[in-house]
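Contents: one structure, followed by commentary.
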Amino acid sequence: MQHLDHDRLVFLALGESEADNAESTHLGTCALCRAEVATFQQVAGLGTETQGLADLPDPPEHVWLGIAAQVRAAEAQQAQAETRRHQVPGQGVGTLAGQTNDTPFGRATGTTATPSTGATGEQAAGTTARPTVTRLDSARRSRRGSGWSRWAATAVTAAAAAAVGVLGTVSVLRPDDPAPAPTQVVVASAPLAAYGSTPPAAKGDARVLREGQLHLHVANLPRVPGYYEVWLINPTTMEMFSVGTLGGGSDALLPLPPNVDLTSYSVVDVSAEQYDNNSRHSGDSLLRGTLTG
C-alpha cells in the first residue's frame with residue numbers, strides 16, 4: 001500500500017486543503033496515515049495555545065532570591081566538608097607521661113589511654129599509649145560524597161524552583177481556556193485542470209488566503225526533467241508573473257506580492273520549466289484555472 005505524502009498529511013491536518021475521494025478512501029482504510037494526521041492535529045493544537053505569548057515571562061523575584069540562598073548554603077556546606085576533610089586526627093603520635101590530650105578516640109593521660117567506651121588491660125599497660133590507627137579513606141569519601149550530593153540536590157531543587165516559577169507565571173498570564181485556532185480565510189479559489197497535452201488525470205486546486213498567500217494542491221502531474229513553476233496570468237493582456245516553484249510534494253504555500261490585482265491576474269498556471277537560466281514562461285503549461293470569489 002502506498003501511503004499519502006507526508007506534506008499532504010500536514011496540510012490535511014491543518015485544514016489547509018480538503019481530501020479528495022482517493023485520499024478519503026485511503027484514510028478510511030489506513031490506520032498509519034490516520035494516526036499521523038491525528039498527531040499533526042494535536043501538535044497544531046498545542047502550538048495555538050501559546051499564540052498570545054510573545055515571550056515567556058521572567059520568573060518572580062522571590063524565585064531568584066531562593067535560588068541564590070540555596071546555592072550559598074550549598075557552597076558553605078561544601079566548604080565545611082573540605083575543612084573537616086583536611087583536619088586529620090594525630091596519626092601515630094602517642095601520649096607522653098604527664099600529658100593530657102583529647103583525641104577523637106578518647107582522652108589519653110599519663111601512662112594510659114582511656115577510650116570513651118572503656119579501656120582494656122592491654123591498653124592500660126606501659127608508659128606510652130599505643131596509637132590507634134583508623135583508616136580514613138572511606139570516611140573521607142563519605143564526607144566528600146555527601147557534600148557533593150547535597151550540593152547537587154540543592155542545584156536540582158533550585159532549577160526546579162525556577163521552572164515552577166516560570167510555569168506559575170505563565171498560568172497566571174495565560175487564560176485557562178486558550179483561544180481557538182484561527183481558521184484560514186479563503187478570498188478566492190480555482191480548480192486546476194489539465195491543460196494542452198497534459199494527461200487528463202492531472203489536476204489540482206488553488207486558494208488565495210486572506211494573509212496574502214497562495215495555497216496549491218496538485219496531483220498526478222507528469223514527470224518533467226526540470227521543475228514546476230506557478231504563475232498568475234492576466235487573460236486579457238497575457239501578461240504574467242511568477243509566484244514561485246513547487247517542491248517535491250503535492251502542496252505548496254507561496255507568498256503573493258502585496259496589493260496584487262487578482263481581478264486582472266485571475267488565471268493560475270502551473271508550467272514545466274527547464275534549468276536553462278531563462279526566467280520567462282516556457283510555454284509548456286500543465287494546469288490552469290481561473291480564480292473566483
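So you can find residues: chains in the C-alpha cells are A, B, ... in the order shown, residues in each start at 1, and ligands are numbered from 1 in order.
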
(request) For Glu36 in chain A, list every protein, DNA or RNA residue within 12 Å, evaluated using only C-alpha atoms, and leave out those in the same chain fewer than 2 positions away; present the list as a ChimeraX atom specification. (result) /A:3-13,27,30-34,38-43

Take the selection from the previous step and output its residues with C-alpha atoms, as an mmCIF file, in the first residue's frame.
data_model
loop_
_atom_site.group_PDB
_atom_site.id
_atom_site.type_symbol
_atom_site.label_atom_id
_atom_site.label_comp_id
_atom_site.auth_asym_id
_atom_site.auth_seq_id
_atom_site.Cartn_x
_atom_site.Cartn_y
_atom_site.Cartn_z
ATOM 1 C CA HIS A 3 0.787 5.939 1.844
ATOM 2 C CA LEU A 4 -0.121 9.583 1.404
ATOM 3 C CA ASP A 5 2.663 12.098 1.050
ATOM 4 C CA HIS A 6 3.954 13.485 4.363
ATOM 5 C CA ASP A 7 3.433 17.124 3.313
ATOM 6 C CA ARG A 8 -0.068 16.303 2.166
ATOM 7 C CA LEU A 9 -0.921 14.844 5.575
ATOM 8 C CA VAL A 10 0.317 18.050 7.211
ATOM 9 C CA PHE A 11 -1.937 20.232 5.049
ATOM 10 C CA LEU A 12 -4.919 17.982 5.735
ATOM 11 C CA ALA A 13 -4.272 18.121 9.478
ATOM 12 C CA LEU A 27 -7.520 7.450 5.152
ATOM 13 C CA CYS A 30 -5.012 3.136 6.508
ATOM 14 C CA ALA A 31 -4.580 3.363 10.278
ATOM 15 C CA LEU A 32 -0.999 4.644 9.916
ATOM 16 C CA CYS A 33 -1.949 7.710 7.866
ATOM 17 C CA ARG A 34 -4.915 8.428 10.158
ATOM 18 C CA ALA A 38 -4.181 12.927 14.391
ATOM 19 C CA THR A 39 -0.650 13.553 15.650
ATOM 20 C CA PHE A 40 -0.207 16.620 13.455
ATOM 21 C CA GLN A 41 -3.563 17.983 14.626
ATOM 22 C CA GLN A 42 -2.531 17.540 18.246
ATOM 23 C CA VAL A 43 0.781 19.338 17.678
#

(request) Would you list the contacts of Glu229 in chain A as a ChimeraX atom specification, taking every protein, DNA or RNA residue within 9 Å and counting only C-alpha atoms, but skipping same-chain residues closer than 4 positions in sequence? (result) /A:242-246,269-273,281

Take the residues just selected and output them with all heavy atoms as a compact mmCIF listing (two decimals), in the first residue's frame.
# COMPACT_ATOMS: atom_id res chain seq x y z
N SER A 242 5.72 35.28 -12.14
CA SER A 242 5.93 34.04 -11.40
C SER A 242 5.66 34.25 -9.92
O SER A 242 6.09 35.24 -9.32
CB SER A 242 7.36 33.53 -11.59
OG SER A 242 7.62 32.41 -10.77
N VAL A 243 4.93 33.29 -9.34
CA VAL A 243 4.65 33.34 -7.90
C VAL A 243 5.68 32.52 -7.13
O VAL A 243 6.06 32.86 -6.01
CB VAL A 243 3.22 32.81 -7.62
CG1 VAL A 243 2.93 32.81 -6.13
CG2 VAL A 243 2.19 33.62 -8.37
N GLY A 244 6.15 31.44 -7.73
CA GLY A 244 7.13 30.58 -7.06
C GLY A 244 7.18 29.22 -7.72
O GLY A 244 6.56 29.00 -8.77
N THR A 245 7.90 28.31 -7.12
CA THR A 245 8.05 26.97 -7.66
C THR A 245 7.46 25.95 -6.71
O THR A 245 7.39 26.17 -5.49
CB THR A 245 9.53 26.64 -7.92
OG1 THR A 245 10.24 26.73 -6.68
CG2 THR A 245 10.13 27.60 -8.92
N LEU A 246 7.05 24.83 -7.28
CA LEU A 246 6.57 23.70 -6.48
C LEU A 246 7.75 22.83 -6.08
O LEU A 246 8.64 22.58 -6.90
CB LEU A 246 5.56 22.87 -7.27
CG LEU A 246 4.22 23.54 -7.62
CD1 LEU A 246 3.37 22.58 -8.44
CD2 LEU A 246 3.49 23.95 -6.35
N ASP A 269 -1.55 29.31 -13.30
CA ASP A 269 -0.93 28.43 -14.29
C ASP A 269 0.24 27.70 -13.64
O ASP A 269 1.05 28.31 -12.91
CB ASP A 269 -0.43 29.27 -15.48
CG ASP A 269 0.27 28.42 -16.53
OD1 ASP A 269 1.48 28.16 -16.36
OD2 ASP A 269 -0.39 28.04 -17.51
N VAL A 270 0.31 26.40 -13.88
CA VAL A 270 1.46 25.60 -13.44
C VAL A 270 2.16 25.10 -14.69
O VAL A 270 1.56 24.41 -15.53
CB VAL A 270 1.01 24.41 -12.57
CG1 VAL A 270 2.23 23.57 -12.17
CG2 VAL A 270 0.29 24.90 -11.32
N SER A 271 3.44 25.46 -14.83
CA SER A 271 4.18 25.13 -16.04
C SER A 271 5.34 24.21 -15.75
O SER A 271 5.81 24.11 -14.60
CB SER A 271 4.69 26.41 -16.71
OG SER A 271 5.68 27.02 -15.88
N ALA A 272 5.82 23.54 -16.78
CA ALA A 272 7.04 22.74 -16.72
C ALA A 272 8.19 23.59 -17.24
O ALA A 272 8.13 24.11 -18.36
CB ALA A 272 6.89 21.47 -17.55
N GLU A 273 9.21 23.75 -16.42
CA GLU A 273 10.33 24.62 -16.78
C GLU A 273 11.63 23.82 -16.81
O GLU A 273 11.76 22.78 -16.16
CB GLU A 273 10.47 25.77 -15.76
CG GLU A 273 9.24 26.65 -15.65
CD GLU A 273 8.99 27.48 -16.90
OE1 GLU A 273 9.96 27.75 -17.64
OE2 GLU A 273 7.82 27.85 -17.13
N HIS A 281 8.29 32.32 -19.01
CA HIS A 281 7.45 31.14 -19.11
C HIS A 281 7.90 30.27 -20.28
O HIS A 281 8.19 30.77 -21.38
CB HIS A 281 5.98 31.57 -19.29
CG HIS A 281 4.99 30.48 -19.05
ND1 HIS A 281 4.84 29.40 -19.88
CD2 HIS A 281 4.07 30.30 -18.06
CE1 HIS A 281 3.88 28.61 -19.43
NE2 HIS A 281 3.40 29.14 -18.31

(request) Tell me which of A:Ser17, A:Thr236, A:Asn277, A:Asn220 sits closest to Ser189 in chain A, counting only C-alpha atoms. (result)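 So, comparing all the options, the nearest one is A:Ser17.
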
Tell me which protein, DNA and RNA residues are within 10 Å of Gly289 in chain A, counting only C-alpha atoms, leaving out same-chain ones fewer than 5 positions away, and put them as a PDB file with C-alpha atoms, in the first residue's frame.
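Heads up, here's the output in out_21.pdb:
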ATOM      1  CA  SER A 189     -10.179  29.819  -5.302  1.00  0.00           C
ATOM      2  CA  ALA A 190      -9.851  27.934  -8.554  1.00  0.00           C
ATOM      3  CA  PRO A 191      -9.960  24.291  -9.613  1.00  0.00           C
ATOM      4  CA  LEU A 192      -6.950  23.442 -11.746  1.00  0.00           C
ATOM      5  CA  ALA A 193      -7.440  21.165 -14.763  1.00  0.00           C
ATOM      6  CA  ALA A 194      -5.073  19.570 -17.240  1.00  0.00           C
ATOM      7  CA  TYR A 195      -4.060  21.997 -19.990  1.00  0.00           C
ATOM      8  CA  LYS A 203      -5.465  18.137 -11.518  1.00  0.00           C
ATOM      9  CA  GLY A 204      -5.246  20.481  -8.581  1.00  0.00           C
ATOM     10  CA  ASP A 205      -6.779  23.397  -6.784  1.00  0.00           C
ATOM     11  CA  ALA A 206      -5.618  26.885  -5.841  1.00  0.00           C
ATOM     12  CA  LEU A 232      -0.542  34.373 -12.337  1.00  0.00           C
ATOM     13  CA  SER A 266      -7.010  35.802 -12.357  1.00  0.00           C
ATOM     14  CA  VAL A 267      -5.549  32.741 -14.113  1.00  0.00           C
ATOM     15  CA  VAL A 268      -3.396  30.337 -12.100  1.00  0.00           C
ATOM     16  CA  ASP A 269      -0.926  28.433 -14.288  1.00  0.00           C
ATOM     17  CA  VAL A 270       1.456  25.595 -13.438  1.00  0.00           C
TER      18      VAL A 270
END

Tell me, as a short mmCIF file (atom, residue, chain, number, x, y, z; two decimals) with all heavy atoms, in the first residue's frame, which residues lie within 10 Å of Thr183 in chain A, counting only C-alpha atoms; anything in the same chain fewer than 4 positions away does not count.
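File produced: out23.cif:
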data_model
loop_
_atom_site.label_atom_id
_atom_site.label_comp_id
_atom_site.auth_asym_id
_atom_site.auth_seq_id
_atom_site.Cartn_x
_atom_site.Cartn_y
_atom_site.Cartn_z
N LEU A 14 -3.87 20.49 9.13
CA LEU A 14 -4.02 21.93 9.41
C LEU A 14 -5.29 22.51 8.79
O LEU A 14 -5.59 23.68 9.01
CB LEU A 14 -2.80 22.70 8.88
CG LEU A 14 -1.46 22.37 9.55
CD1 LEU A 14 -0.34 23.15 8.89
CD2 LEU A 14 -1.51 22.67 11.03
N GLY A 15 -6.01 21.71 8.04
CA GLY A 15 -7.22 22.22 7.40
C GLY A 15 -6.94 23.14 6.23
O GLY A 15 -7.81 23.89 5.81
N GLU A 16 -5.72 23.05 5.67
CA GLU A 16 -5.36 23.90 4.54
C GLU A 16 -5.96 23.40 3.23
O GLU A 16 -6.00 24.13 2.25
CB GLU A 16 -3.83 23.97 4.41
CG GLU A 16 -3.10 24.63 5.56
CD GLU A 16 -3.29 26.13 5.58
OE1 GLU A 16 -3.72 26.68 4.56
OE2 GLU A 16 -3.04 26.74 6.61
#

(message) Please list as a list in words every residue within 9 Å of Thr263 in chain A, counting only C-alpha atoms and excluding residues in the same chain fewer than 6 positions away.
(response)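 The residues that qualify are Asn234, Leu291 and Thr292 of chain A.
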
(message) Counting only C-alpha atoms, which residue out of A:Gly226, A:Pro258, A:Gly212, A:Gly293 sits closest to Ala188 in chain A?
(response) A:Gly293

(message) Please compute the CA of Leu286 in chain A-CA of Val185 in chain A distance, one decimal, in Å.
(response)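 Going from CA of Leu286 in chain A over to CA of Val185 in chain A covers 27.3 Å.
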
(message) Between A:Ser264, A:Thr290, A:Asn259, A:Ser282, which residue has the minimum interatomic distance to Arg207 in chain A, considering only C-alpha atoms?
(response) A:Thr290

(request) Determine which residues of range 174-292 of chain A receive a DSSP assignment of strand (DSSP E), computed from the backbone, and state them as JSON, numbers by chain. (result) {"A": [186, 187, 188, 189, 190, 191, 192, 193, 194, 203, 204, 205, 206, 207, 208, 209, 213, 214, 215, 216, 217, 218, 219, 227, 228, 229, 230, 231, 232, 233, 240, 241, 242, 243, 244, 245, 246, 251, 252, 253, 254, 255, 267, 268, 269, 270, 271, 272, 273, 285, 286, 287, 288, 289, 290]}
